[in-house]
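**Q** Sharing a structure below in structure tokens format, with a few things to ask.
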Amino acid sequence: MDIRLDGIGHSYGDVEVLKDISLDISSGQIVCIVGPSGCGKSTLLRFLGGLERPKTGEVLQIGSPPEGSLNPLTYVFQDFALLPWRTVKGNVSLVLEGHGLRTDQSSAIIDDVLARTKLTEFADALPKQLSGGMKQRVAIARALAVNPAVMLMDEPLSALDSQTRELLMDDLVDLWSRQPFTAVYVTHNLAEAVRLGHRVVVLSRRPGKIREIVEIDKHLNAREFGDADLDAHQKHLWRLMRDEARAADAELLHA
Amino acid sequence: MLNKNSNGSGVQKETQGRSVTFRGGGFSPKPRRWIGPVVFLFLIVIAEWGTRAGWISALTMPRPSDVFVTFQQLYESGLLAKHLGPSLSRLVVGAAIGVSIGIGVGVLIGLFSYIRSGMVPLIAAIFPIPKIALLPLFVIWFGIGEGSKYALIAFGTFTPTVVATYGAVDNVDRSLIRMGQSFGLSWWSIVRKIVLPGAMPGILSGLRISLAIAIILLVAAEMLGAEYGIGAYILEAGSLYDLERLFAGVVILSLLGVIVSTLIGLIERYMLDWRS
Ligand SMILES: Nc1ncnc2c1ncn2[C@@H]1O[C@H](COP(=O)(O)OP(=O)(O)OP(=O)(O)O)[C@@H](O)[C@H]1O
Ligand SMILES: [Mg+2]
């Protein structure tokens, strides 16, 4: 299933947030979205997942979601959004309940996703016992459990320290290599963008427009921390963003 | 200032050093199990000593040991069970009605704009009414029998439960609800699996207050037409100025309060062990 954004525009009151965004997200690709603070990245992601409607333009699904997808458009949140009163297993099973699955079917799914995110031994732990990185892995396991067509990730790693972030990026690359998934990945961190993105979409400051789309051809597996060509991409992205970010920063002060 | 002494000519360098003054700590009470009973025991011993030594006159306060003897007689004569039975059933039925309607209405207020706008002023209007004042009204509505007693206790527990519940629902993390919606959970599943468990801490602490109020209202409810009941027992003793029996009755109510509070504590420990 592909997703097409067709001339998306939106404003909150007098504030124009997004303007004329058109973009194709093809299946099996990770599309990273970067842009200065307040340019409407989270808003765009809410449109993609149907949590909010844009004023102009449309979000289109092209083709049908994969067989057995329980929730084609699935979020991974920055703050994990785990239910603190449910165990790791319980948090995953939450999203399987109400779909009429048999117990053995859902426990097979739970076992599978916990194994894929290396959480099998923590199945019965409560969120309060887990570190930030583990919590986000639970959230990723939960997202995988519904077999999504597209994962919508809003700064999934920015609540984590930089070492944990590296480890989780490796995990995400691993997951993707074993079973490619489609994702829209919003981030502030350009290193994450060049590490995980097949395409990196740079938005301008508010109102957010597409400034440039950078394609990174290198295979995800072949990308390493500190690769020279990735660095070059990152520098290029930073040059694109620097002036926008500075202007956006100054704008907030005058608002 | 800084430069003056930096070349070491004036002040001699201190090599000994003082340890930094500690100014942290405090502000986090921890349970000290034995303190509670010790306070009770201390007060009882003082009262016993005072009444025996005579510096507390027998008219102002009954002797604790006499109260204990009265209590023992009450127990041995089988009257205790006779009084406790009806009281407990009034308490349980009345509080169960009040608390469950209270939680229901509180959740509705927490979830729906129109119900909130309509009900919050209404609740604010009925909260401060002393429910005892309405007892005659309840007697007319529900009769002199058990009905009016249930109604009084239910009404008294209802308002604090509503206020605690909608406050608790307001405090449920909205990001968890968004998460539920983003996974396509039904409205009812979100209420059942996210809103209610998330509001449970607030509801339980509201329950402490509601149930204490229920015990207070028990005495009021038994003012009219109750032959048996702790409240009836206390009121009868009061009208005869029989301080021993009055205190024996009051002690029973206090014990009831302690038991209820302990039970809620246990439920909290069991149900809310997910809190960090
Ligand atoms: N519900 C809303 N009502 C009014 N204004 C909003 C709302 N949501 C977002 N905005 C405004 O829209 C703009 C874009 O917000 P958005 O959260 O999408 O930005 P963002 O790119 O995700 O920012 P950040 O990088 O800080 O996460 C901001 O100026 C924000 O104040
Ligand atoms: Mg954002």
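Going through the structure tokens in order, the chains are called A, B, and so on, while each chain numbers its residues from 1 and the ligands are numbered from 1 in the order shown.
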Which residues are near ligand 1 - at most 12 Å, using only C-alpha atoms and all ligand atoms? Format: as number ranges by chain.

**A** A: 9-19, 33-47, 51-54, 77-78, 153-156, 158, 185-189, 202-209, 245, 248-249, 251-252, 255

**Q** Compute the chain A side of the contact with chain B at 12 Å, counting only C-alpha atoms, and hand it back as a VMD selection string.

**A** chain A and resid 45 to 52 69 to 87 90 to 99 125 to 130 139 142 to 148 151 to 152

**Q** Work out how far atom CA of B:Leu84 is from atom CA of B:Ile230, in Å to one decimal.

**A** 6.1 Å

**Q** If you run DSSP on this backbone, which residues of stretch 195-251 of chain B come out as helix (DSSP H, G or I), and could you give them as number ranges by chain?

**A** B: 195-221, 230-239, 243-251

**Q** Output C-alpha atoms for every residue in that selection, as an mmCIF file, in the first residue's frame.

**A**
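As written to disk, result.cif reads:
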data_model
loop_
_atom_site.group_PDB
_atom_site.id
_atom_site.type_symbol
_atom_site.label_atom_id
_atom_site.label_comp_id
_atom_site.auth_asym_id
_atom_site.auth_seq_id
_atom_site.Cartn_x
_atom_site.Cartn_y
_atom_site.Cartn_z
ATOM 1 C CA VAL B 195 -9.771 5.892 31.266
ATOM 2 C CA LEU B 196 -11.006 3.831 34.212
ATOM 3 C CA PRO B 197 -7.684 2.242 35.213
ATOM 4 C CA GLY B 198 -5.975 5.602 34.735
ATOM 5 C CA ALA B 199 -8.520 7.285 36.999
ATOM 6 C CA MET B 200 -8.338 4.550 39.636
ATOM 7 C CA PRO B 201 -5.776 6.266 41.916
ATOM 8 C CA GLY B 202 -7.935 9.375 42.163
ATOM 9 C CA ILE B 203 -11.147 7.390 42.580
ATOM 10 C CA LEU B 204 -9.673 5.343 45.420
ATOM 11 C CA SER B 205 -8.434 8.367 47.317
ATOM 12 C CA GLY B 206 -11.882 9.906 46.871
ATOM 13 C CA LEU B 207 -13.330 6.693 48.282
ATOM 14 C CA ARG B 208 -11.480 7.248 51.541
ATOM 15 C CA ILE B 209 -13.397 10.490 52.020
ATOM 16 C CA SER B 210 -16.741 9.148 50.797
ATOM 17 C CA LEU B 211 -16.681 6.147 53.098
ATOM 18 C CA ALA B 212 -15.735 8.236 56.127
ATOM 19 C CA ILE B 213 -18.733 10.433 55.315
ATOM 20 C CA ALA B 214 -20.870 7.300 55.046
ATOM 21 C CA ILE B 215 -19.928 6.337 58.600
ATOM 22 C CA ILE B 216 -20.747 9.866 59.821
ATOM 23 C CA LEU B 217 -24.147 9.695 58.150
ATOM 24 C CA LEU B 218 -24.874 6.276 59.604
ATOM 25 C CA VAL B 219 -25.568 7.867 62.995
ATOM 26 C CA ALA B 220 -27.793 10.480 61.393
ATOM 27 C CA ALA B 221 -29.670 7.852 59.427
ATOM 28 C CA ILE B 230 -24.675 1.572 66.266
ATOM 29 C CA GLY B 231 -26.100 5.012 65.597
ATOM 30 C CA ALA B 232 -29.297 4.218 67.482
ATOM 31 C CA TYR B 233 -27.236 2.838 70.355
ATOM 32 C CA ILE B 234 -25.098 5.983 70.551
ATOM 33 C CA LEU B 235 -28.088 8.315 70.349
ATOM 34 C CA GLU B 236 -29.905 6.439 73.083
ATOM 35 C CA ALA B 237 -26.842 6.518 75.339
ATOM 36 C CA GLY B 238 -26.406 10.206 74.573
ATOM 37 C CA SER B 239 -29.934 11.108 75.535
ATOM 38 C CA LEU B 243 -21.021 8.276 78.821
ATOM 39 C CA GLU B 244 -19.635 4.732 79.013
ATOM 40 C CA ARG B 245 -22.088 3.431 76.466
ATOM 41 C CA LEU B 246 -21.735 6.551 74.360
ATOM 42 C CA PHE B 247 -17.988 6.044 74.200
ATOM 43 C CA ALA B 248 -18.318 2.325 73.556
ATOM 44 C CA GLY B 249 -20.443 3.201 70.520
ATOM 45 C CA VAL B 250 -18.038 5.890 69.359
ATOM 46 C CA VAL B 251 -15.136 3.468 69.620
#

**Q** Just how far from atom CA of A:Ala141 is atom CA of A:Val113, in Å to one decimal?

**A**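 Distance reported for this atom pair: 5.3 Å.
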
**Q** Write out as a list in words which residues come within 12 Å of A:Asp161 when counting only C-alpha atoms, dropping same-chain ones fewer than 6 positions away.

**A** Ser131, Gly132, Gly133, Leu167 and Leu168 of chain A

**Q** Skipping near chain neighbours, those fewer than 3 positions away, what residues fall within 8 Å of B:Gly102 using only C-alpha atoms, listed as a VMD selection string?

**A** chain B and resid 98 to 99 105 to 106 157 to 162 165

**Q** Would you write out those residues with N, CA, C and O atoms, as a CSV table (one decimal), in the first residue's frame?

**A**
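Saved as result.csv:
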chain,number,residue,atom,x,y,z
B,98,GLY,N,-24.3,4.8,46.5
B,98,GLY,CA,-23.8,6.2,46.3
B,98,GLY,C,-22.5,6.2,45.5
B,98,GLY,O,-22.3,7.0,44.6
B,99,VAL,N,-21.6,5.2,45.8
B,99,VAL,CA,-20.3,5.2,45.2
B,99,VAL,C,-20.5,4.8,43.7
B,99,VAL,O,-19.8,5.4,42.8
B,105,VAL,N,-21.5,8.8,37.2
B,105,VAL,CA,-21.8,10.2,36.8
B,105,VAL,C,-20.4,10.9,36.7
B,105,VAL,O,-20.3,11.7,35.8
B,106,GLY,N,-19.5,10.7,37.6
B,106,GLY,CA,-18.2,11.3,37.5
B,106,GLY,C,-17.5,11.0,36.2
B,106,GLY,O,-16.9,11.9,35.5
B,157,THR,N,-22.5,9.9,50.1
B,157,THR,CA,-21.3,9.4,49.5
B,157,THR,C,-21.2,9.8,48.0
B,157,THR,O,-20.1,9.9,47.5
B,158,PHE,N,-22.4,10.1,47.4
B,158,PHE,CA,-22.4,10.3,46.0
B,158,PHE,C,-21.6,11.6,45.6
B,158,PHE,O,-20.7,11.5,44.8
B,159,THR,N,-21.9,12.7,46.3
B,159,THR,CA,-21.2,14.0,45.9
B,159,THR,C,-19.7,13.9,45.9
B,159,THR,O,-19.0,14.2,45.0
B,160,PRO,N,-19.1,13.5,47.1
B,160,PRO,CA,-17.6,13.5,47.1
B,160,PRO,C,-17.1,12.5,46.0
B,160,PRO,O,-16.0,12.7,45.4
B,161,THR,N,-17.8,11.4,45.8
B,161,THR,CA,-17.3,10.4,44.8
B,161,THR,C,-17.3,11.0,43.4
B,161,THR,O,-16.4,10.9,42.6
B,162,VAL,N,-18.4,11.8,43.1
B,162,VAL,CA,-18.5,12.4,41.8
B,162,VAL,C,-17.3,13.4,41.6
B,162,VAL,O,-16.6,13.3,40.5
B,165,THR,N,-14.1,11.6,41.2
B,165,THR,CA,-14.0,10.8,39.9
B,165,THR,C,-13.7,11.7,38.7
B,165,THR,O,-12.9,11.4,37.9

**Q** Find the spatial neighbours of A:His198, counting only C-alpha atoms, within a cut-off of 12 Å - ignore same-chain residues fewer than 3 positions away - and output them as number ranges by chain.

**A** A: 25-33, 173, 176, 180-185, 192-195, 201, 213-221, 223, 230, 233

**Q** Please give the complete set of residues from stretch 40-178 of chain A that DSSP, run on the backbone, assigns to strand (DSSP E or B), formatted as a list in words.

**A**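 So, restricting stretch 40-178 of chain A to strand (DSSP E or B), we get Thr56, Gly57, Glu58, Val59, Leu60, Gln61, Ile62, Leu73, Thr74, Tyr75, Val76, Val150, Met151, Leu152, Met153 and Asp154 of chain A.
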
**Q** Quick one: write out the picked residues with C-alpha atoms as an mmCIF file, in the first residue's frame?

**A**
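Saved the output as result17.cif:
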data_model
loop_
_atom_site.group_PDB
_atom_site.id
_atom_site.type_symbol
_atom_site.label_atom_id
_atom_site.label_comp_id
_atom_site.auth_asym_id
_atom_site.auth_seq_id
_atom_site.Cartn_x
_atom_site.Cartn_y
_atom_site.Cartn_z
ATOM 1 C CA THR A 56 -6.956 21.659 1.834
ATOM 2 C CA GLY A 57 -5.661 18.670 -0.055
ATOM 3 C CA GLU A 58 -6.063 14.985 0.605
ATOM 4 C CA VAL A 59 -4.238 11.993 1.985
ATOM 5 C CA LEU A 60 -4.796 9.046 -0.343
ATOM 6 C CA GLN A 61 -4.227 5.342 0.195
ATOM 7 C CA ILE A 62 -3.191 3.663 -3.015
ATOM 8 C CA LEU A 73 -1.705 3.343 9.815
ATOM 9 C CA THR A 74 0.051 2.894 13.139
ATOM 10 C CA TYR A 75 1.843 5.415 15.331
ATOM 11 C CA VAL A 76 4.955 5.155 17.439
ATOM 12 C CA VAL A 150 2.718 2.324 7.287
ATOM 13 C CA MET A 151 4.344 3.177 10.615
ATOM 14 C CA LEU A 152 4.064 6.810 11.608
ATOM 15 C CA MET A 153 6.901 7.704 13.931
ATOM 16 C CA ASP A 154 7.059 11.135 15.583
#
